[in-house]
Structures are given as C-alpha cells and as structure tokens.
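Peer 1: This is the content of start07.tsv (TSV, C-alpha atoms):
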```tsv
chain	number	residue	atom	x	y	z
A	1315	MET	CA	-5.58	20.45	-11.54
A	1316	SER	CA	-7.40	22.49	-8.87
A	1317	SER	CA	-6.43	23.80	-5.44
A	1318	THR	CA	-8.43	24.05	-2.23
A	1319	SER	CA	-8.44	26.92	0.25
A	1320	SER	CA	-5.96	24.97	2.39
A	1321	GLY	CA	-3.47	24.76	-0.48
A	1322	GLU	CA	-4.12	21.11	-1.33
A	1323	ARG	CA	-3.79	20.20	-4.99
A	1324	ILE	CA	-6.57	18.06	-6.44
A	1325	ARG	CA	-5.90	16.33	-9.76
A	1326	THR	CA	-6.80	13.19	-11.68
A	1327	VAL	CA	-4.01	10.88	-12.84
A	1328	THR	CA	-3.97	7.64	-14.79
A	1329	ALA	CA	-1.60	4.83	-13.84
A	1330	GLY	CA	-1.63	1.13	-14.65
A	1331	GLY	CA	-4.83	1.56	-16.63
A	1332	ARG	CA	-6.68	3.05	-13.62
A	1333	THR	CA	-7.83	6.65	-13.31
A	1334	LEU	CA	-7.63	8.04	-9.78
A	1335	ARG	CA	-8.64	11.33	-8.20
A	1336	THR	CA	-5.80	12.44	-5.95
A	1337	SER	CA	-5.01	15.11	-3.39
A	1338	VAL	CA	-1.60	16.42	-2.35
A	1339	ARG	CA	-1.13	18.69	0.65
A	1340	PRO	CA	2.36	20.14	0.17
A	1341	GLY	CA	4.51	20.12	3.28
A	1342	THR	CA	6.79	22.91	4.39
A	1343	ASP	CA	9.92	20.75	4.66
A	1344	ASP	CA	11.10	18.77	1.63
A	1345	SER	CA	13.44	16.72	3.83
A	1346	VAL	CA	10.46	15.05	5.51
A	1347	PRO	CA	9.25	11.99	3.53
A	1348	PRO	CA	5.72	12.29	2.12
A	1349	LEU	CA	2.94	10.36	3.83
A	1350	LEU	CA	0.62	8.29	1.60
A	1351	LEU	CA	-2.82	7.60	3.09
A	1352	MET	CA	-4.87	4.54	2.07
A	1353	ASN	CA	-8.50	4.87	3.11
A	1354	GLY	CA	-11.17	2.51	4.35
A	1355	ILE	CA	-13.84	0.87	2.23
A	1356	GLY	CA	-16.33	3.17	0.53
A	1357	ALA	CA	-14.71	6.33	1.91
A	1358	SER	CA	-13.58	9.16	-0.34
A	1359	LEU	CA	-10.39	11.06	0.40
A	1360	GLU	CA	-12.36	13.88	2.07
A	1361	VAL	CA	-13.23	11.62	5.00
A	1362	LEU	CA	-9.61	11.78	6.21
A	1363	GLN	CA	-9.51	15.60	6.16
A	1364	PRO	CA	-9.60	16.01	9.97
A	1365	PHE	CA	-6.58	13.71	10.28
A	1366	VAL	CA	-4.68	15.50	7.52
A	1367	ASP	CA	-5.39	18.85	9.17
A	1368	ALA	CA	-4.02	17.54	12.48
A	1369	LEU	CA	-0.74	16.24	11.04
A	1370	ASP	CA	2.50	18.20	11.22
A	1371	ARG	CA	2.49	20.82	8.45
A	1372	ARG	CA	6.09	19.91	7.58
A	1373	ARG	CA	4.81	16.67	6.12
A	1374	THR	CA	3.47	16.36	2.55
A	1375	VAL	CA	0.32	14.21	2.54
A	1376	VAL	CA	-0.94	12.25	-0.48
A	1377	ARG	CA	-4.46	10.79	-0.73
A	1378	PHE	CA	-6.49	9.13	-3.47
A	1379	ASP	CA	-9.93	7.70	-4.23
A	1380	VAL	CA	-9.90	4.05	-5.26
A	1381	PRO	CA	-11.70	3.23	-8.54
A	1382	GLY	CA	-15.44	3.81	-8.28
A	1383	VAL	CA	-15.26	5.67	-4.96
A	1384	GLY	CA	-15.40	9.43	-4.47
A	1385	GLY	CA	-14.20	11.21	-7.59
A	1386	SER	CA	-12.48	8.23	-9.27
A	1387	PRO	CA	-14.41	6.63	-12.15
A	1388	PRO	CA	-15.43	2.97	-11.73
A	1389	PRO	CA	-12.96	0.35	-12.98
A	1390	VAL	CA	-13.52	-1.25	-16.36
A	1391	VAL	CA	-12.39	-4.59	-14.91
A	1392	PRO	CA	-12.16	-5.69	-11.25
A	1393	TYR	CA	-8.96	-5.40	-9.25
A	1394	ASN	CA	-7.53	-6.94	-6.08
A	1395	LEU	CA	-5.05	-5.82	-3.44
A	1396	ALA	CA	-2.08	-7.51	-5.11
A	1397	THR	CA	-2.70	-6.02	-8.55
A	1398	PHE	CA	-3.47	-2.56	-7.22
A	1399	GLY	CA	-0.03	-2.01	-5.66
A	1400	PRO	CA	1.65	-1.23	-8.99
A	1401	VAL	CA	-1.14	1.26	-9.71
A	1402	VAL	CA	-0.25	3.10	-6.52
A	1403	THR	CA	3.45	3.29	-7.40
A	1404	GLY	CA	2.54	4.59	-10.85
A	1405	MET	CA	0.28	7.19	-9.26
A	1406	LEU	CA	3.12	8.36	-7.00
A	1407	ASP	CA	5.43	8.65	-10.01
A	1408	ARG	CA	2.85	10.74	-11.87
A	1409	LEU	CA	2.44	13.01	-8.86
A	1410	GLY	CA	6.19	13.60	-8.68
A	1411	PHE	CA	7.12	11.31	-5.78
A	1412	PRO	CA	9.47	8.68	-7.25
A	1413	GLY	CA	11.28	7.96	-3.98
A	1414	PRO	CA	10.37	6.29	-0.69
A	1415	VAL	CA	7.25	7.41	1.13
A	1416	ASP	CA	5.70	6.62	4.49
A	1417	VAL	CA	2.40	4.74	4.24
A	1418	LEU	CA	-0.65	4.72	6.50
A	1419	GLY	CA	-3.45	2.25	5.81
A	1420	LEU	CA	-6.80	2.57	7.60
A	1421	SER	CA	-9.11	-0.46	7.80
A	1422	TRP	CA	-9.44	-1.79	4.20
A	1423	GLY	CA	-6.52	0.46	3.28
A	1424	GLY	CA	-4.43	-1.39	5.84
A	1425	GLY	CA	-4.63	-4.51	3.70
A	1426	LEU	CA	-3.47	-2.57	0.66
A	1427	ALA	CA	-0.69	-1.00	2.73
A	1428	GLN	CA	0.58	-4.41	3.84
A	1429	HIS	CA	0.75	-5.57	0.22
A	1430	PHE	CA	2.45	-2.36	-0.84
A	1431	ALA	CA	5.11	-2.72	1.88
A	1432	VAL	CA	6.05	-6.20	0.60
A	1433	GLN	CA	5.65	-5.69	-3.15
A	1434	HIS	CA	7.33	-2.29	-3.25
A	1435	ARG	CA	9.61	-2.36	-0.23
A	1436	ARG	CA	11.97	0.26	-1.65
A	1437	ARG	CA	9.08	2.70	-1.99
A	1438	CYS	CA	7.84	2.23	1.58
A	1439	ARG	CA	10.04	3.67	4.35
A	1440	ARG	CA	7.76	3.35	7.40
A	1441	LEU	CA	4.33	1.78	7.79
A	1442	VAL	CA	1.32	2.63	9.96
A	1443	LEU	CA	-1.53	0.10	10.18
A	1444	ALA	CA	-4.63	1.62	11.76
A	1445	ALA	CA	-7.83	-0.22	12.73
A	1446	THR	CA	-6.95	-3.07	10.40
A	1447	GLY	CA	-6.16	-6.79	10.46
A	1448	THR	CA	-4.85	-9.71	8.45
A	1449	GLY	CA	-7.94	-10.27	6.32
A	1450	ALA	CA	-9.79	-13.56	6.06
A	1451	LEU	CA	-7.60	-15.22	8.69
A	1452	MET	CA	-8.30	-12.95	11.65
A	1453	VAL	CA	-10.54	-12.80	14.70
A	1454	PRO	CA	-13.76	-11.65	13.01
A	1455	ALA	CA	-16.31	-9.06	13.96
A	1456	HIS	CA	-19.74	-10.11	15.22
A	1457	PRO	CA	-21.88	-11.41	12.30
A	1458	ARG	CA	-24.33	-8.53	12.76
A	1459	VAL	CA	-21.50	-6.01	12.37
A	1460	LEU	CA	-20.21	-7.82	9.28
A	1461	ALA	CA	-23.69	-7.70	7.77
A	1462	ARG	CA	-23.74	-3.90	8.18
A	1463	MET	CA	-20.42	-3.75	6.33
A	1464	LEU	CA	-21.77	-5.50	3.24
A	1465	THR	CA	-23.71	-2.45	2.10
A	1466	PRO	CA	-22.57	1.08	1.17
A	1467	ARG	CA	-25.69	2.52	2.84
A	1468	ARG	CA	-23.72	3.85	5.83
A	1469	HIS	CA	-21.87	6.16	3.42
A	1470	ARG	CA	-25.05	7.21	1.60
A	1471	ASP	CA	-27.66	7.65	4.31
A	1472	PRO	CA	-26.65	9.96	7.20
A	1473	GLU	CA	-29.61	8.91	9.33
A	1474	TYR	CA	-28.76	5.24	8.87
A	1475	ALA	CA	-25.11	5.98	9.69
A	1476	ARG	CA	-26.19	7.73	12.90
A	1477	ARG	CA	-28.46	4.84	13.88
A	1478	ILE	CA	-25.81	2.12	13.53
A	1479	ALA	CA	-22.70	4.16	14.43
A	1480	GLY	CA	-22.30	2.92	17.99
A	1481	GLU	CA	-22.84	-0.71	17.05
A	1482	ILE	CA	-20.31	-0.87	14.22
A	1483	TYR	CA	-17.76	1.84	15.07
A	1484	GLY	CA	-17.70	1.68	18.87
A	1485	GLY	CA	-15.78	4.16	21.00
A	1486	THR	CA	-17.22	7.66	21.30
A	1487	MET	CA	-19.69	6.83	18.52
A	1488	ARG	CA	-21.73	4.93	21.11
A	1489	SER	CA	-22.56	8.16	22.93
A	1490	GLU	CA	-22.20	10.62	20.03
A	1491	PRO	CA	-23.43	8.78	16.91
A	1492	GLU	CA	-24.13	12.00	15.05
A	1493	ARG	CA	-20.36	12.58	14.85
A	1494	ALA	CA	-20.01	9.44	12.72
A	1495	ALA	CA	-22.67	10.68	10.32
A	1496	ARG	CA	-20.88	14.02	10.00
A	1497	ALA	CA	-17.46	12.39	9.58
A	1498	LEU	CA	-18.63	10.09	6.79
A	1499	HIS	CA	-20.83	12.55	4.92
A	1500	ALA	CA	-19.49	16.08	5.32
A	1501	GLU	CA	-18.13	17.15	1.91
A	1502	THR	CA	-17.92	13.52	0.82
A	1503	ARG	CA	-18.20	12.73	-2.88
A	1504	LEU	CA	-19.99	9.50	-3.61
A	1505	GLY	CA	-19.21	7.16	-6.48
A	1506	PRO	CA	-21.58	4.58	-7.94
A	1507	ARG	CA	-22.65	1.72	-5.66
A	1508	ARG	CA	-20.70	-0.81	-7.67
A	1509	GLY	CA	-17.46	0.98	-6.72
A	1510	TYR	CA	-18.08	-0.10	-3.10
A	1511	TYR	CA	-18.66	-3.70	-4.17
A	1512	TYR	CA	-15.56	-3.72	-6.37
A	1513	GLN	CA	-13.56	-2.57	-3.35
A	1514	LEU	CA	-15.20	-5.20	-1.14
A	1515	ALA	CA	-14.46	-7.93	-3.68
A	1516	ALA	CA	-10.82	-6.82	-3.98
A	1517	SER	CA	-10.12	-8.11	-0.47
A	1518	THR	CA	-12.44	-11.12	-0.41
A	1519	GLY	CA	-10.55	-14.24	0.69
A	1520	TRP	CA	-7.35	-12.26	1.14
A	1521	SER	CA	-5.01	-12.72	4.11
A	1522	SER	CA	-1.64	-11.22	4.97
A	1523	LEU	CA	-0.72	-13.92	7.50
A	1524	PRO	CA	1.37	-15.92	4.97
A	1525	PHE	CA	3.61	-12.91	4.25
A	1526	LEU	CA	3.39	-10.80	7.41
A	1527	ARG	CA	6.98	-11.61	8.40
A	1528	LEU	CA	8.19	-10.24	5.06
A	1529	ILE	CA	7.16	-6.73	6.12
A	1530	ARG	CA	10.55	-5.46	7.28
A	1531	GLN	CA	9.76	-1.76	7.58
A	1532	PRO	CA	9.38	-0.21	11.04
A	1533	THR	CA	5.64	-0.50	11.65
A	1534	LEU	CA	3.24	1.20	14.02
A	1535	VAL	CA	0.07	-0.79	14.71
A	1536	VAL	CA	-2.70	1.54	15.94
A	1537	ALA	CA	-5.91	0.05	17.34
A	1538	GLY	CA	-8.89	1.00	19.46
A	1539	ASP	CA	-9.85	-0.97	22.54
A	1540	ASP	CA	-13.52	-0.78	21.46
A	1541	ASP	CA	-13.47	-1.56	17.72
A	1542	PRO	CA	-16.39	-3.83	16.74
A	1543	ILE	CA	-15.18	-4.15	13.12
A	1544	VAL	CA	-11.58	-5.17	13.89
A	1545	PRO	CA	-11.34	-6.48	17.47
A	1546	VAL	CA	-8.17	-5.28	19.20
A	1547	VAL	CA	-6.82	-8.83	19.58
A	1548	ASN	CA	-5.97	-8.68	15.87
A	1549	ALA	CA	-3.66	-5.71	16.42
A	1550	ARG	CA	-1.90	-7.52	19.23
A	1551	LEU	CA	-1.37	-10.53	16.94
A	1552	MET	CA	-0.01	-8.40	14.10
A	1553	ALA	CA	2.36	-6.52	16.39
A	1554	ARG	CA	3.71	-9.83	17.65
A	1555	LEU	CA	4.22	-11.32	14.17
A	1556	LEU	CA	5.65	-8.28	12.39
A	1557	PRO	CA	9.47	-8.24	12.59
A	1558	ASP	CA	9.78	-4.57	13.61
A	1559	ALA	CA	6.54	-3.33	15.13
A	1560	ARG	CA	5.26	-1.31	18.03
A	1561	LEU	CA	1.65	-1.29	19.23
A	1562	HIS	CA	-0.41	1.73	20.26
A	1563	VAL	CA	-3.84	0.93	21.71
A	1564	TYR	CA	-6.06	3.96	22.23
A	1565	PRO	CA	-9.37	4.23	24.11
A	1566	GLY	CA	-11.84	4.34	21.25
A	1567	GLY	CA	-13.36	2.74	18.20
A	1568	HIS	CA	-12.88	2.07	14.50
A	1569	ILE	CA	-12.89	5.59	13.06
A	1570	ALA	CA	-11.07	7.43	15.87
A	1571	LEU	CA	-8.36	8.38	13.36
A	1572	VAL	CA	-11.01	10.73	11.95
A	1573	THR	CA	-13.16	11.61	14.97
A	1574	GLU	CA	-10.26	11.87	17.44
A	1575	ALA	CA	-7.66	13.04	14.94
A	1576	ARG	CA	-6.08	15.59	17.28
A	1577	GLN	CA	-5.23	12.86	19.77
A	1578	LEU	CA	-3.91	10.31	17.24
A	1579	ALA	CA	-2.11	12.49	14.68
A	1580	PRO	CA	0.74	13.32	17.13
A	1581	VAL	CA	1.21	9.59	17.80
A	1582	VAL	CA	1.66	8.99	14.07
A	1583	ASP	CA	3.87	12.07	13.62
A	1584	ASP	CA	6.17	10.97	16.47
A	1585	PHE	CA	6.54	7.48	14.98
A	1586	LEU	CA	7.25	8.76	11.46
A	1587	ASP	CA	9.84	11.20	12.80
A	1588	GLY	CA	11.61	8.27	14.42
```
For the structure just supplied, provide its representation as structure tokens.

Peer 2:
Amino acid sequence: MSSTSSGERIRTVTAGGRTLRTSVRPGTDDSVPPLLLMNGIGASLEVLQPFVDALDRRRTVVRFDVPGVGGSPPPVVPYNLATFGPVVTGMLDRLGFPGPVDVLGLSWGGGLAQHFAVQHRRRCRRLVLAATGTGALMVPAHPRVLARMLTPRRHRDPEYARRIAGEIYGGTMRSEPERAARALHAETRLGPRRGYYYQLAASTGWSSLPFLRLIRQPTLVVAGDDDPIVPVVNARLMARLLPDARLHVYPGGHIALVTEARQLAPVVDDFLDG
C-alpha cells in the first residue's frame, strides 16, 4: 500500500477473481457514509481527482480502476456489468467497508452503479447517476460521436483528444478543448488497449430499462444540457421512471463532473447529506 501527498491510500486488492487498483481518501467524519465512485470508459481513477478534491473532506471517497484500465491488470476472462457487481462488493469488504455506501456512477460507471443498486441494495444507501443513461435502449448519440467512442485513442493521444473534445464532450469543451486533453491525460495511467475493449464489451447490448423501477434508493440524476454522448432527454426519462429520483440539469457537457468539479461537487454533497 502507498499514500499520496493528499493522504489518499493506493493499494491493489483481489476480489471475485479480479485484481483492482484502488484509492481511498479517508474522510474526517466516520459518521458520514463513504462514497464509491464508478468511472467512465477507459478512464483511470486519476481522472476523477478534481471532483474528489472538491468534495466535502468529511466524506471518505473510494475509487478503483476496472480490469485492464489504469493500474489494474487486464482480465483473464471477459466480464459484464451484472457479473462485476459482486467483485465491487468484495473489493469494499477487502478495503474495510462492509456496510452501506453511497455510489456515484459517471457515464459507463452509471450502468454499473444501476446494477449495483439493484443487486446489492443493502450495500447502496444513496445513488448518483451522472452523464449516463439506460444503455442500449436510450436516445442515442449522433453516429459520428458513437464512432469516436469506439476507440481508446482519446485517452492515449492528447492532440486527438483536444481536436475532438468539443464534438464529443460538448459544454465548455467546445470553446476550451485543451481542458479536455488535460483532464483525460494529466497523471493518468494507461492500461493495455484491450482493457478498453473489454470494458466496452461489458455493456454491449445492456439496458437498465427492464429493472429501473427496482432501484429504490434515493437517486440524484445529474446531466448536462449539452452532452453529445448522452443527450439530456435520457436523464429526464430516467428521473421520471426511477421511484425516488430528483433531476439536476447543469449548463455543460459530458465531463463537467471533472472540468467543472467545483460547481457540481456541492450539488452531490448536498444530496448525499440529505
């Protein structure tokens, strides 16, 4: 186990046959439930650092790299969202968090978070779904945007990320594309290319629509009004179908949770504090 200058503990744990690189930022108040972050496709846990830094310091924050991404070794066999949930609970147990946690899923991680909330309802207290949708059965992005998503190049080539940032991320990335390149590449650890494709395949054909009403936890749906990857209409649909949901639409794009963390972290903190 290693520690960063900010006091975060970095360690590798094995659960459910998967080895995951994890990070825990200890909070200052043990009475506040930990927050588990589930990241977007191809993004290592470092990408969410601006958001973690903006969250209330009372709150313990747990992050992890999915197999084959960042510092986690590639999986020996493929996985999908349904089979990965038990891995996450095992990881939490190994890290010393056997009780309920709050869960935030961003983009691809939002799909995993929805599964986790249903499969392990006693382990999930509150749920935040950010820049995410219901999977295959949702209002899709433009085909050109989807084509950009099929390759990990945006995480590997800063110049390419800058060139396409406005088109695929929207929001402030249209006028400041270099911020997207910095957000995705600064201090980011890259795994092998096949890790990205394993993650992509894990959600292929998946949809949460058949079980959305089974998500009983209080849920905050966070969406940008200029998100080319997940059009905002999907957030409005989810908020309507979820039994206990509130919707927060912000002026911005797909990765505002990272690039506009100081504006969005208080929204999440307020919801989690009830």

Peer 1: Identify, on the basis of all atoms listed in the file, every residue whose closest approach to Leu1369 (chain A) does not exceed 9 Å; exclude the query and any residue fewer than 6 positions from it along the same chain; express the result as a list in words.

Peer 2: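 Using all atoms listed in the file, the neighbours found are Val1375, Ala1575, Arg1576, Ala1579, Pro1580, Val1582 and Asp1583 of chain A.
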
Peer 1: Suppose you want the space between CA of Arg1476 (chain A) and CA of Pro1491 (chain A); what is it in Å?

Peer 2: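 These atoms are spaced 5.0 Å apart.
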
Peer 1: Which residue gives the smallest distance to Ser1521 (chain A) among A:Asn1394, A:Thr1374, A:Ser1358, A:Ser1489, with all atoms listed in the file counted?

Peer 2: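 Distance minimum relative to Ser1521 (chain A) lands on A:Asn1394.
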
Peer 1: May I ask which of the residues A:Ala1497, A:Leu1406, A:Leu1349, A:Val1327 is the closest one to Ile1569 (chain A), counting only C-alpha atoms?

Peer 2: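 The shortest atom-to-atom distance to Ile1569 (chain A) comes from A:Ala1497.
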
Peer 1: Taking 3 positions as the minimum chain separation for residues in the same chain, which residues sit within 10 Å of Gln1531 (chain A) when counting all atoms listed in the file? Answer as an MDAnalysis selection string.

Peer 2: chainID A and resid 1416 1431:1432 1435:1436 1438:1442 1528 1534 1556:1559

Peer 1: When you draw a straight line from CA of Val1415 (chain A) to CA of His1434 (chain A), how long is it in Å?

Peer 2: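 Spanning CA of Val1415 (chain A) to CA of His1434 (chain A) is a straight-line distance of 10.6 Å.
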
Peer 1: If we count all atoms listed in the file and set the cut-off at 10 Å, which residues sit around Ile1355 (chain A), ignoring sequence neighbours fewer than 2 positions away in its own chain? Please answer as a ChimeraX atom specification.

Peer 2: /A:1352-1353,1357-1358,1380,1383,1420-1423,1463,1466,1469,1509-1514

Peer 1: Tell me which of A:Ala1461, A:Val1417, A:Ala1479, A:Leu1426 sits closest to Leu1498 (chain A), counting all atoms listed in the file.

Peer 2: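 Of A:Ala1461, A:Val1417, A:Ala1479, A:Leu1426, the one nearest Leu1498 (chain A), counting all atoms listed in the file, is A:Ala1479.
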
Peer 1: Counting only C-alpha atoms, which residues of region 1522-1552 of chain A fall within 9 Å of region 1561-1566 of chain A, and what is the closest atom pair for each with its distance in Å at one decimal, ordered by chain and rising number, as a Markdown table?

Peer 2:
```
| residue | atom | partner | partner_atom | distance |
| --- | --- | --- | --- | --- |
| A:Thr1533 | CA | A:Leu1561 | CA | 8.6 |
| A:Leu1534 | CA | A:Leu1561 | CA | 6.0 |
| A:Val1535 | CA | A:Leu1561 | CA | 4.8 |
| A:Val1536 | CA | A:His1562 | CA | 4.9 |
| A:Ala1537 | CA | A:Val1563 | CA | 4.9 |
| A:Gly1538 | CA | A:Gly1566 | CA | 4.8 |
| A:Asp1539 | CA | A:Pro1565 | CA | 5.5 |
| A:Asp1540 | CA | A:Gly1566 | CA | 5.4 |
| A:Asp1541 | CA | A:Gly1566 | CA | 7.1 |
| A:Val1546 | CA | A:Val1563 | CA | 8.0 |
| A:Ala1549 | CA | A:Leu1561 | CA | 7.5 |
| A:Arg1550 | CA | A:Leu1561 | CA | 7.2 |
| A:Met1552 | CA | A:Leu1561 | CA | 8.9 |
```

Peer 1: Could you check the closest approach to Phe1585 (chain A) for each of A:Ala1494, A:Met1315, A:Leu1443, A:Val1401 and tell me which residue wins, using all atoms listed in the file?

Peer 2: A:Leu1443

Peer 1: So which one's closest to Arg1458 (chain A), A:Ile1543, A:Leu1555, A:Ala1427, A:Ala1396? Using only C-alpha atoms, please.

Peer 2: A:Ile1543

Peer 1: Quick one: distance from CA of Ala1515 (chain A) to CA of Pro1381 (chain A) in Å, one decimal?

Peer 2: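 Result for CA of Ala1515 (chain A) versus CA of Pro1381 (chain A): 12.5 Å, one decimal.
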